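**Q** See my_file-v8.txt below, with compact mmCIF, N, CA and C atoms.
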# COMPACT_ATOMS: atom_id res chain seq x y z
N GLN F 1 14.39 5.77 18.06
CA GLN F 1 14.10 4.89 16.94
C GLN F 1 15.22 5.03 15.90
N VAL F 2 15.71 3.89 15.44
CA VAL F 2 16.81 3.91 14.49
C VAL F 2 16.30 4.28 13.11
N GLN F 3 17.01 5.17 12.45
CA GLN F 3 16.67 5.54 11.09
C GLN F 3 17.88 5.35 10.20
N LEU F 4 17.62 4.99 8.96
CA LEU F 4 18.69 4.87 7.96
C LEU F 4 18.72 6.15 7.14
N VAL F 5 19.90 6.69 6.96
CA VAL F 5 20.06 7.95 6.24
C VAL F 5 20.85 7.69 4.97
N GLU F 6 20.21 7.97 3.84
CA GLU F 6 20.82 7.70 2.53
C GLU F 6 21.30 9.00 1.89
N SER F 7 22.31 8.88 1.07
CA SER F 7 22.79 10.03 0.31
C SER F 7 23.51 9.53 -0.93
N GLY F 8 23.70 10.43 -1.89
CA GLY F 8 24.50 10.11 -3.06
C GLY F 8 23.75 9.93 -4.35
N GLY F 9 22.43 9.95 -4.32
CA GLY F 9 21.69 9.82 -5.56
C GLY F 9 21.81 11.06 -6.41
N GLY F 10 21.26 10.99 -7.62
CA GLY F 10 21.29 12.15 -8.49
C GLY F 10 21.13 11.79 -9.94
N LEU F 11 21.48 12.75 -10.78
CA LEU F 11 21.38 12.59 -12.23
C LEU F 11 22.78 12.37 -12.79
N VAL F 12 22.90 11.36 -13.64
CA VAL F 12 24.20 11.04 -14.23
C VAL F 12 23.99 10.58 -15.65
N GLN F 13 24.97 10.82 -16.49
CA GLN F 13 24.88 10.35 -17.87
C GLN F 13 25.20 8.87 -17.94
N ALA F 14 24.64 8.24 -18.95
CA ALA F 14 24.93 6.82 -19.16
C ALA F 14 26.43 6.62 -19.28
N GLY F 15 26.90 5.57 -18.63
CA GLY F 15 28.33 5.31 -18.59
C GLY F 15 29.03 5.92 -17.40
N GLY F 16 28.34 6.78 -16.69
CA GLY F 16 28.93 7.45 -15.54
C GLY F 16 28.84 6.62 -14.27
N SER F 17 29.24 7.27 -13.17
CA SER F 17 29.30 6.58 -11.88
C SER F 17 28.63 7.42 -10.79
N LEU F 18 28.16 6.73 -9.79
CA LEU F 18 27.62 7.35 -8.58
C LEU F 18 27.96 6.44 -7.41
N ARG F 19 28.06 7.04 -6.25
CA ARG F 19 28.22 6.24 -5.04
C ARG F 19 27.11 6.60 -4.05
N LEU F 20 26.40 5.58 -3.63
CA LEU F 20 25.36 5.75 -2.62
C LEU F 20 25.92 5.38 -1.25
N THR F 21 25.45 6.11 -0.26
CA THR F 21 25.86 5.85 1.12
C THR F 21 24.62 5.73 1.99
N CYS F 22 24.66 4.80 2.90
CA CYS F 22 23.56 4.62 3.85
C CYS F 22 24.17 4.42 5.23
N ALA F 23 23.76 5.25 6.16
CA ALA F 23 24.28 5.17 7.51
C ALA F 23 23.16 4.98 8.51
N ALA F 24 23.52 4.42 9.65
CA ALA F 24 22.58 4.22 10.75
C ALA F 24 23.14 4.94 11.97
N PRO F 25 23.01 6.23 12.01
CA PRO F 25 23.61 7.00 13.11
C PRO F 25 23.01 6.67 14.45
N GLY F 26 23.86 6.69 15.47
CA GLY F 26 23.38 6.44 16.81
C GLY F 26 23.24 4.99 17.19
N THR F 27 23.57 4.09 16.29
CA THR F 27 23.45 2.67 16.61
C THR F 27 24.72 2.16 17.29
N THR F 28 24.51 1.20 18.16
CA THR F 28 25.62 0.64 18.93
C THR F 28 25.97 -0.76 18.46
N TYR F 29 24.94 -1.53 18.13
CA TYR F 29 25.14 -2.92 17.76
C TYR F 29 25.25 -3.06 16.24
N SER F 30 26.02 -4.04 15.84
CA SER F 30 26.27 -4.24 14.42
C SER F 30 25.03 -4.75 13.69
N MET F 31 24.86 -4.26 12.47
CA MET F 31 23.80 -4.78 11.61
C MET F 31 24.28 -6.10 11.01
N ASN F 32 23.45 -7.10 11.05
CA ASN F 32 23.83 -8.39 10.50
C ASN F 32 23.99 -8.32 8.98
N ALA F 33 23.13 -7.55 8.34
CA ALA F 33 23.20 -7.38 6.89
C ALA F 33 22.72 -5.99 6.54
N MET F 34 23.30 -5.45 5.48
CA MET F 34 22.86 -4.16 4.95
C MET F 34 22.90 -4.25 3.43
N GLY F 35 22.03 -3.50 2.79
CA GLY F 35 22.03 -3.56 1.34
C GLY F 35 21.11 -2.54 0.71
N TRP F 36 20.88 -2.75 -0.58
CA TRP F 36 20.10 -1.80 -1.37
C TRP F 36 19.06 -2.51 -2.23
N TYR F 37 17.86 -1.96 -2.20
CA TYR F 37 16.80 -2.34 -3.13
C TYR F 37 16.65 -1.19 -4.12
N ARG F 38 15.98 -1.46 -5.21
CA ARG F 38 15.58 -0.39 -6.12
C ARG F 38 14.21 -0.70 -6.71
N GLN F 39 13.54 0.36 -7.06
CA GLN F 39 12.24 0.22 -7.71
C GLN F 39 12.09 1.29 -8.77
N ALA F 40 11.90 0.84 -9.98
CA ALA F 40 11.67 1.74 -11.10
C ALA F 40 10.16 1.88 -11.31
N PRO F 41 9.71 2.96 -11.91
CA PRO F 41 8.27 3.15 -12.15
C PRO F 41 7.66 1.98 -12.91
N GLY F 42 6.57 1.46 -12.37
CA GLY F 42 5.87 0.38 -13.04
C GLY F 42 6.51 -0.98 -12.89
N LYS F 43 7.57 -1.07 -12.11
CA LYS F 43 8.27 -2.34 -11.93
C LYS F 43 8.28 -2.75 -10.47
N GLN F 44 8.54 -4.03 -10.26
CA GLN F 44 8.63 -4.53 -8.89
C GLN F 44 9.96 -4.13 -8.26
N ARG F 45 9.93 -4.04 -6.95
CA ARG F 45 11.16 -3.77 -6.22
C ARG F 45 12.09 -4.97 -6.36
N GLU F 46 13.37 -4.70 -6.51
CA GLU F 46 14.33 -5.79 -6.62
C GLU F 46 15.55 -5.50 -5.75
N LEU F 47 16.12 -6.57 -5.23
CA LEU F 47 17.33 -6.45 -4.42
C LEU F 47 18.52 -6.24 -5.35
N VAL F 48 19.23 -5.15 -5.16
CA VAL F 48 20.37 -4.84 -6.00
C VAL F 48 21.63 -5.52 -5.47
N ALA F 49 21.87 -5.37 -4.19
CA ALA F 49 23.05 -5.97 -3.58
C ALA F 49 22.91 -5.89 -2.08
N ASP F 50 23.52 -6.86 -1.39
CA ASP F 50 23.62 -6.74 0.05
C ASP F 50 24.90 -7.40 0.54
N ILE F 51 25.21 -7.13 1.80
CA ILE F 51 26.47 -7.59 2.37
C ILE F 51 26.25 -7.88 3.84
N THR F 52 26.79 -9.00 4.30
CA THR F 52 26.68 -9.35 5.71
C THR F 52 27.84 -8.72 6.50
N ASN F 53 27.76 -8.82 7.81
CA ASN F 53 28.84 -8.25 8.61
C ASN F 53 30.12 -9.07 8.53
N SER F 54 30.05 -10.25 7.91
CA SER F 54 31.27 -11.02 7.67
C SER F 54 31.79 -10.84 6.26
N GLY F 55 31.10 -10.00 5.47
CA GLY F 55 31.60 -9.65 4.16
C GLY F 55 31.03 -10.44 2.99
N ASN F 56 30.09 -11.32 3.24
CA ASN F 56 29.46 -12.05 2.15
C ASN F 56 28.53 -11.13 1.37
N THR F 57 28.61 -11.20 0.06
CA THR F 57 27.83 -10.30 -0.78
C THR F 57 26.93 -11.06 -1.74
N ARG F 58 25.87 -10.39 -2.14
CA ARG F 58 24.99 -10.89 -3.19
C ARG F 58 24.71 -9.73 -4.12
N TYR F 59 24.57 -10.03 -5.41
CA TYR F 59 24.29 -9.01 -6.40
C TYR F 59 23.19 -9.46 -7.35
N LEU F 60 22.40 -8.50 -7.77
CA LEU F 60 21.47 -8.71 -8.86
C LEU F 60 22.30 -9.02 -10.10
N GLU F 61 21.87 -10.00 -10.87
CA GLU F 61 22.66 -10.44 -12.01
C GLU F 61 23.01 -9.29 -12.96
N SER F 62 22.08 -8.40 -13.17
CA SER F 62 22.28 -7.34 -14.16
C SER F 62 23.27 -6.26 -13.72
N VAL F 63 23.66 -6.26 -12.45
CA VAL F 63 24.61 -5.25 -11.99
C VAL F 63 25.99 -5.85 -11.69
N LYS F 64 26.11 -7.15 -11.78
CA LYS F 64 27.40 -7.77 -11.50
C LYS F 64 28.48 -7.22 -12.43
N GLY F 65 29.62 -6.90 -11.85
CA GLY F 65 30.71 -6.35 -12.63
C GLY F 65 30.64 -4.84 -12.78
N ARG F 66 29.51 -4.24 -12.44
CA ARG F 66 29.36 -2.78 -12.55
C ARG F 66 29.19 -2.13 -11.18
N PHE F 67 28.53 -2.81 -10.27
CA PHE F 67 28.27 -2.26 -8.94
C PHE F 67 29.11 -3.01 -7.91
N THR F 68 29.53 -2.28 -6.90
CA THR F 68 30.28 -2.89 -5.81
C THR F 68 29.70 -2.40 -4.49
N ILE F 69 29.36 -3.34 -3.63
CA ILE F 69 28.85 -3.00 -2.31
C ILE F 69 29.95 -3.21 -1.28
N SER F 70 30.01 -2.31 -0.32
CA SER F 70 30.98 -2.43 0.76
C SER F 70 30.37 -1.83 2.01
N ARG F 71 31.01 -2.07 3.14
CA ARG F 71 30.46 -1.52 4.38
C ARG F 71 31.55 -1.25 5.39
N ASP F 72 31.21 -0.37 6.29
CA ASP F 72 32.05 -0.07 7.44
C ASP F 72 31.28 -0.59 8.65
N ASN F 73 31.69 -1.73 9.17
CA ASN F 73 30.95 -2.36 10.26
C ASN F 73 30.93 -1.49 11.52
N ALA F 74 32.03 -0.85 11.79
CA ALA F 74 32.12 -0.04 13.00
C ALA F 74 31.13 1.13 12.97
N MET F 75 30.87 1.63 11.77
CA MET F 75 29.98 2.78 11.62
C MET F 75 28.59 2.39 11.15
N ASN F 76 28.36 1.09 10.96
CA ASN F 76 27.06 0.64 10.41
C ASN F 76 26.68 1.46 9.18
N THR F 77 27.61 1.52 8.27
CA THR F 77 27.42 2.27 7.03
C THR F 77 27.69 1.35 5.84
N VAL F 78 26.85 1.46 4.84
CA VAL F 78 27.00 0.65 3.64
C VAL F 78 27.10 1.57 2.43
N TYR F 79 27.93 1.16 1.48
CA TYR F 79 28.15 1.94 0.28
C TYR F 79 27.80 1.11 -0.95
N LEU F 80 27.32 1.79 -1.97
CA LEU F 80 27.10 1.12 -3.24
C LEU F 80 27.77 1.97 -4.32
N GLN F 81 28.88 1.47 -4.83
CA GLN F 81 29.58 2.13 -5.92
C GLN F 81 29.01 1.62 -7.23
N MET F 82 28.44 2.53 -7.99
CA MET F 82 27.79 2.16 -9.24
C MET F 82 28.58 2.76 -10.41
N SER F 83 28.98 1.90 -11.32
CA SER F 83 29.74 2.35 -12.48
C SER F 83 29.08 1.85 -13.75
N SER F 84 29.51 2.41 -14.86
CA SER F 84 28.95 2.03 -16.17
C SER F 84 27.43 2.03 -16.13
N LEU F 85 26.88 3.08 -15.57
CA LEU F 85 25.43 3.15 -15.38
C LEU F 85 24.69 3.16 -16.71
N LYS F 86 23.53 2.52 -16.69
CA LYS F 86 22.69 2.38 -17.87
C LYS F 86 21.32 3.00 -17.59
N ASP F 87 20.60 3.27 -18.67
CA ASP F 87 19.25 3.81 -18.51
C ASP F 87 18.41 2.96 -17.57
N GLU F 88 18.55 1.65 -17.72
CA GLU F 88 17.71 0.74 -16.93
C GLU F 88 18.07 0.71 -15.45
N ASP F 89 19.13 1.42 -15.05
CA ASP F 89 19.45 1.53 -13.64
C ASP F 89 18.67 2.65 -12.96
N THR F 90 17.95 3.44 -13.75
CA THR F 90 17.15 4.52 -13.19
C THR F 90 16.07 3.95 -12.27
N ALA F 91 16.05 4.43 -11.04
CA ALA F 91 15.11 3.92 -10.04
C ALA F 91 15.29 4.69 -8.75
N VAL F 92 14.39 4.45 -7.82
CA VAL F 92 14.59 4.89 -6.45
C VAL F 92 15.33 3.78 -5.72
N TYR F 93 16.46 4.10 -5.16
CA TYR F 93 17.28 3.14 -4.44
C TYR F 93 17.06 3.33 -2.93
N SER F 94 16.73 2.23 -2.28
CA SER F 94 16.45 2.29 -0.84
C SER F 94 17.39 1.36 -0.10
N CYS F 95 17.89 1.85 0.99
CA CYS F 95 18.79 1.07 1.82
C CYS F 95 17.97 0.20 2.77
N TYR F 96 18.50 -0.94 3.14
CA TYR F 96 17.88 -1.72 4.21
C TYR F 96 18.97 -2.21 5.14
N ALA F 97 18.56 -2.52 6.35
CA ALA F 97 19.48 -3.10 7.33
C ALA F 97 18.70 -4.10 8.19
N ARG F 98 19.36 -5.17 8.53
CA ARG F 98 18.74 -6.21 9.35
C ARG F 98 19.62 -6.48 10.56
N SER F 99 18.96 -6.46 11.70
CA SER F 99 19.72 -6.63 12.93
C SER F 99 18.87 -7.35 13.97
N ILE F 100 19.52 -8.20 14.75
CA ILE F 100 18.82 -8.86 15.86
C ILE F 100 18.33 -7.81 16.85
N ASP F 101 19.12 -6.77 17.03
CA ASP F 101 18.80 -5.77 18.04
C ASP F 101 17.81 -4.72 17.55
N TYR F 102 17.88 -4.37 16.26
CA TYR F 102 17.05 -3.28 15.74
C TYR F 102 15.95 -3.73 14.79
N GLY F 103 15.97 -5.01 14.43
CA GLY F 103 14.96 -5.49 13.50
C GLY F 103 15.30 -5.19 12.05
N LEU F 104 14.27 -5.10 11.23
CA LEU F 104 14.43 -4.83 9.81
C LEU F 104 14.11 -3.36 9.54
N LEU F 105 15.05 -2.67 8.96
CA LEU F 105 14.91 -1.23 8.75
C LEU F 105 15.02 -0.90 7.27
N TYR F 106 14.32 0.15 6.86
CA TYR F 106 14.40 0.64 5.49
C TYR F 106 14.63 2.15 5.49
N GLY F 107 15.39 2.60 4.52
CA GLY F 107 15.54 4.03 4.33
C GLY F 107 14.41 4.57 3.48
N ARG F 108 14.39 5.89 3.33
CA ARG F 108 13.32 6.53 2.59
C ARG F 108 13.55 6.47 1.09
N GLY F 109 14.77 6.25 0.68
CA GLY F 109 15.06 6.13 -0.74
C GLY F 109 15.72 7.37 -1.31
N THR F 110 16.51 7.14 -2.35
CA THR F 110 17.16 8.23 -3.05
C THR F 110 17.06 7.96 -4.56
N GLN F 111 16.75 8.99 -5.30
CA GLN F 111 16.52 8.83 -6.74
C GLN F 111 17.84 8.78 -7.49
N VAL F 112 17.95 7.81 -8.37
CA VAL F 112 19.07 7.72 -9.30
C VAL F 112 18.48 7.79 -10.71
N THR F 113 18.91 8.76 -11.46
CA THR F 113 18.42 8.93 -12.83
C THR F 113 19.60 8.90 -13.79
N VAL F 114 19.53 7.99 -14.74
CA VAL F 114 20.59 7.86 -15.74
C VAL F 114 20.05 8.36 -17.08
N SER F 115 20.71 9.33 -17.64
CA SER F 115 20.26 9.90 -18.91
C SER F 115 21.17 9.43 -20.04
N SER F 116 20.55 9.16 -21.17
CA SER F 116 21.34 8.69 -22.32
C SER F 116 21.63 9.83 -23.28
Would you mind writing the file's structure down as structure tokens?
**A**
Amino acid sequence: QVQLVESGGGLVQAGGSLRLTCAAPGTTYSMNAMGWYRQAPGKQRELVADITNSGNTRYLESVKGRFTISRDNAMNTVYLQMSSLKDEDTAVYSCYARSIDYGLLYGRGTQVTVSS
């Protein structure tokens, strides 16, 4: 069974940066899309950013210009570079991947906490 493995969360001061990584070890076929959701306490889950295997990206309006998503297609790995972090970016960030071969997958999530 394919699992997504996330890393890179943690505690950072406002204005700082973090990079999240999500990998799908052991996979052979390319993921059609990979990306990140986040959910803060008491709020709905929202799509932060995603990227297709052809490089098309989408971003949540509030993170445009601060976050950059990228991926390594050969390794089925997606990265989220987060800069100029704000208090409101505090949330659990979860990776997702969509594939014809593997279906829709979600990671367990990694906590990002921004302190002011």
**Q** Record the distance separating atom C of Ile51 (chain F) and atom C of Asn73 (chain F), expressed in Å with one decimal.
**A**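 Between atom C of Ile51 (chain F) and atom C of Asn73 (chain F) the gap is 11.0 Å.
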**Q** When distances are computed from only C-alpha atoms, which of F:Arg108, F:Arg66, F:Arg58, F:Lys43 shows the smallest separation from Tyr96 (chain F)?
**A**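 Looking at the shortest contact to Tyr96 (chain F), the residue is F:Arg108.
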**Q** Between F:Ser83, F:Thr90, F:Asn56, F:Ser116, which has the minimum distance to Pro41 (chain F) (counting only C-alpha atoms)?
**A**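 For Pro41 (chain F), the nearest of the candidates is F:Thr90.
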**Q** With only C-alpha atoms as the counted atoms, please give the residues lying no more than 10 Å from region 23-39 of chain F, apart from itself and same-chain residues fewer than 5 positions off, as a PyMOL selection string.
**A** chain F and resi 1-7+44-60+69-80+89-107+109-112
**Q** Please indicate the distance in Å from atom C of Gln81 (chain F) to atom N of Gly65 (chain F), rounded to one decimal place.
**A**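 Those two atoms sit 9.7 Å apart.
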**Q** Per DSSP on the backbone, filter region 7-116 of chain F down to the residues in strand (DSSP E or B) and report them as a PyMOL selection string.
**A** chain F and resi 7+10-13+18-23+33-39+46-52+57-59+67-72+77-82+91-99+103-106+110-115
**Q** Rebuild all heavy atoms on region 28-39 of chain F, as a PDB file, in the coordinates of the input?
**A**
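The new file selection06.pdb reads:
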ATOM      1  N   THR F  28      24.510   1.200  18.160  1.00  0.00           N
ATOM      2  CA  THR F  28      25.620   0.640  18.930  1.00  0.00           C
ATOM      3  C   THR F  28      25.970  -0.760  18.460  1.00  0.00           C
ATOM      4  O   THR F  28      27.138  -1.134  18.408  1.00  0.00           O
ATOM      5  CB  THR F  28      25.255   0.603  20.422  1.00  0.00           C
ATOM      6  OG1 THR F  28      24.932   1.926  20.859  1.00  0.00           O
ATOM      7  CG2 THR F  28      26.401   0.044  21.252  1.00  0.00           C
ATOM      8  N   TYR F  29      24.940  -1.530  18.130  1.00  0.00           N
ATOM      9  CA  TYR F  29      25.140  -2.920  17.760  1.00  0.00           C
ATOM     10  C   TYR F  29      25.250  -3.060  16.240  1.00  0.00           C
ATOM     11  O   TYR F  29      24.630  -2.326  15.484  1.00  0.00           O
ATOM     12  CB  TYR F  29      23.980  -3.760  18.280  1.00  0.00           C
ATOM     13  CG  TYR F  29      23.808  -3.638  19.774  1.00  0.00           C
ATOM     14  CD1 TYR F  29      22.791  -2.868  20.316  1.00  0.00           C
ATOM     15  CD2 TYR F  29      24.699  -4.278  20.650  1.00  0.00           C
ATOM     16  CE1 TYR F  29      22.653  -2.737  21.687  1.00  0.00           C
ATOM     17  CE2 TYR F  29      24.561  -4.156  22.019  1.00  0.00           C
ATOM     18  CZ  TYR F  29      23.538  -3.379  22.536  1.00  0.00           C
ATOM     19  OH  TYR F  29      23.402  -3.253  23.881  1.00  0.00           O
ATOM     20  N   SER F  30      26.020  -4.040  15.840  1.00  0.00           N
ATOM     21  CA  SER F  30      26.270  -4.240  14.420  1.00  0.00           C
ATOM     22  C   SER F  30      25.030  -4.750  13.690  1.00  0.00           C
ATOM     23  O   SER F  30      24.269  -5.550  14.228  1.00  0.00           O
ATOM     24  CB  SER F  30      27.421  -5.247  14.235  1.00  0.00           C
ATOM     25  OG  SER F  30      27.636  -5.518  12.873  1.00  0.00           O
ATOM     26  N   MET F  31      24.860  -4.260  12.470  1.00  0.00           N
ATOM     27  CA  MET F  31      23.800  -4.780  11.610  1.00  0.00           C
ATOM     28  C   MET F  31      24.280  -6.100  11.010  1.00  0.00           C
ATOM     29  O   MET F  31      25.394  -6.181  10.485  1.00  0.00           O
ATOM     30  CB  MET F  31      23.503  -3.782  10.490  1.00  0.00           C
ATOM     31  CG  MET F  31      23.046  -2.426  10.960  1.00  0.00           C
ATOM     32  SD  MET F  31      21.455  -2.516  11.804  1.00  0.00           S
ATOM     33  CE  MET F  31      21.188  -0.765  12.133  1.00  0.00           C
ATOM     34  N   ASN F  32      23.450  -7.100  11.050  1.00  0.00           N
ATOM     35  CA  ASN F  32      23.830  -8.390  10.500  1.00  0.00           C
ATOM     36  C   ASN F  32      23.990  -8.320   8.980  1.00  0.00           C
ATOM     37  O   ASN F  32      24.864  -8.954   8.396  1.00  0.00           O
ATOM     38  CB  ASN F  32      22.813  -9.450  10.864  1.00  0.00           C
ATOM     39  CG  ASN F  32      22.710  -9.623  12.362  1.00  0.00           C
ATOM     40  OD1 ASN F  32      21.823  -9.067  12.993  1.00  0.00           O
ATOM     41  ND2 ASN F  32      23.644 -10.356  12.946  1.00  0.00           N
ATOM     42  N   ALA F  33      23.130  -7.550   8.340  1.00  0.00           N
ATOM     43  CA  ALA F  33      23.200  -7.380   6.890  1.00  0.00           C
ATOM     44  C   ALA F  33      22.720  -5.990   6.540  1.00  0.00           C
ATOM     45  O   ALA F  33      21.854  -5.424   7.210  1.00  0.00           O
ATOM     46  CB  ALA F  33      22.349  -8.418   6.169  1.00  0.00           C
ATOM     47  N   MET F  34      23.300  -5.450   5.480  1.00  0.00           N
ATOM     48  CA  MET F  34      22.860  -4.160   4.950  1.00  0.00           C
ATOM     49  C   MET F  34      22.900  -4.250   3.430  1.00  0.00           C
ATOM     50  O   MET F  34      23.700  -5.016   2.863  1.00  0.00           O
ATOM     51  CB  MET F  34      23.782  -3.026   5.421  1.00  0.00           C
ATOM     52  CG  MET F  34      23.819  -2.846   6.928  1.00  0.00           C
ATOM     53  SD  MET F  34      24.804  -1.424   7.474  1.00  0.00           S
ATOM     54  CE  MET F  34      23.672  -0.069   7.090  1.00  0.00           C
ATOM     55  N   GLY F  35      22.030  -3.500   2.790  1.00  0.00           N
ATOM     56  CA  GLY F  35      22.030  -3.560   1.340  1.00  0.00           C
ATOM     57  C   GLY F  35      21.110  -2.540   0.710  1.00  0.00           C
ATOM     58  O   GLY F  35      20.636  -1.615   1.380  1.00  0.00           O
ATOM     59  N   TRP F  36      20.880  -2.750  -0.580  1.00  0.00           N
ATOM     60  CA  TRP F  36      20.100  -1.800  -1.370  1.00  0.00           C
ATOM     61  C   TRP F  36      19.060  -2.510  -2.230  1.00  0.00           C
ATOM     62  O   TRP F  36      19.367  -3.499  -2.904  1.00  0.00           O
ATOM     63  CB  TRP F  36      21.024  -1.015  -2.301  1.00  0.00           C
ATOM     64  CG  TRP F  36      22.003  -0.160  -1.573  1.00  0.00           C
ATOM     65  CD1 TRP F  36      23.251  -0.529  -1.145  1.00  0.00           C
ATOM     66  CD2 TRP F  36      21.817   1.190  -1.165  1.00  0.00           C
ATOM     67  NE1 TRP F  36      23.847   0.527  -0.498  1.00  0.00           N
ATOM     68  CE2 TRP F  36      22.996   1.585  -0.489  1.00  0.00           C
ATOM     69  CE3 TRP F  36      20.784   2.114  -1.310  1.00  0.00           C
ATOM     70  CZ2 TRP F  36      23.151   2.878   0.042  1.00  0.00           C
ATOM     71  CZ3 TRP F  36      20.950   3.381  -0.785  1.00  0.00           C
ATOM     72  CH2 TRP F  36      22.119   3.749  -0.123  1.00  0.00           C
ATOM     73  N   TYR F  37      17.860  -1.960  -2.200  1.00  0.00           N
ATOM     74  CA  TYR F  37      16.800  -2.340  -3.130  1.00  0.00           C
ATOM     75  C   TYR F  37      16.650  -1.190  -4.120  1.00  0.00           C
ATOM     76  O   TYR F  37      17.080  -0.072  -3.874  1.00  0.00           O
ATOM     77  CB  TYR F  37      15.470  -2.532  -2.402  1.00  0.00           C
ATOM     78  CG  TYR F  37      15.348  -3.813  -1.646  1.00  0.00           C
ATOM     79  CD1 TYR F  37      15.727  -3.905  -0.303  1.00  0.00           C
ATOM     80  CD2 TYR F  37      14.819  -4.947  -2.253  1.00  0.00           C
ATOM     81  CE1 TYR F  37      15.593  -5.087   0.401  1.00  0.00           C
ATOM     82  CE2 TYR F  37      14.679  -6.142  -1.549  1.00  0.00           C
ATOM     83  CZ  TYR F  37      15.068  -6.201  -0.222  1.00  0.00           C
ATOM     84  OH  TYR F  37      14.936  -7.371   0.467  1.00  0.00           O
ATOM     85  N   ARG F  38      15.980  -1.460  -5.210  1.00  0.00           N
ATOM     86  CA  ARG F  38      15.580  -0.390  -6.120  1.00  0.00           C
ATOM     87  C   ARG F  38      14.210  -0.700  -6.710  1.00  0.00           C
ATOM     88  O   ARG F  38      13.824  -1.859  -6.817  1.00  0.00           O
ATOM     89  CB  ARG F  38      16.604  -0.171  -7.226  1.00  0.00           C
ATOM     90  CG  ARG F  38      16.660  -1.266  -8.284  1.00  0.00           C
ATOM     91  CD  ARG F  38      17.787  -0.985  -9.276  1.00  0.00           C
ATOM     92  NE  ARG F  38      17.827  -1.993 -10.320  1.00  0.00           N
ATOM     93  CZ  ARG F  38      18.791  -2.046 -11.248  1.00  0.00           C
ATOM     94  NH1 ARG F  38      19.796  -1.161 -11.232  1.00  0.00           N
ATOM     95  NH2 ARG F  38      18.758  -2.986 -12.173  1.00  0.00           N
ATOM     96  N   GLN F  39      13.540   0.360  -7.060  1.00  0.00           N
ATOM     97  CA  GLN F  39      12.240   0.220  -7.710  1.00  0.00           C
ATOM     98  C   GLN F  39      12.090   1.290  -8.770  1.00  0.00           C
ATOM     99  O   GLN F  39      12.160   2.489  -8.471  1.00  0.00           O
ATOM    100  CB  GLN F  39      11.090   0.307  -6.703  1.00  0.00           C
ATOM    101  CG  GLN F  39       9.740   0.004  -7.318  1.00  0.00           C
ATOM    102  CD  GLN F  39       8.679  -0.261  -6.286  1.00  0.00           C
ATOM    103  OE1 GLN F  39       8.779   0.155  -5.138  1.00  0.00           O
ATOM    104  NE2 GLN F  39       7.640  -0.985  -6.683  1.00  0.00           N
TER     105      GLN F  39
END
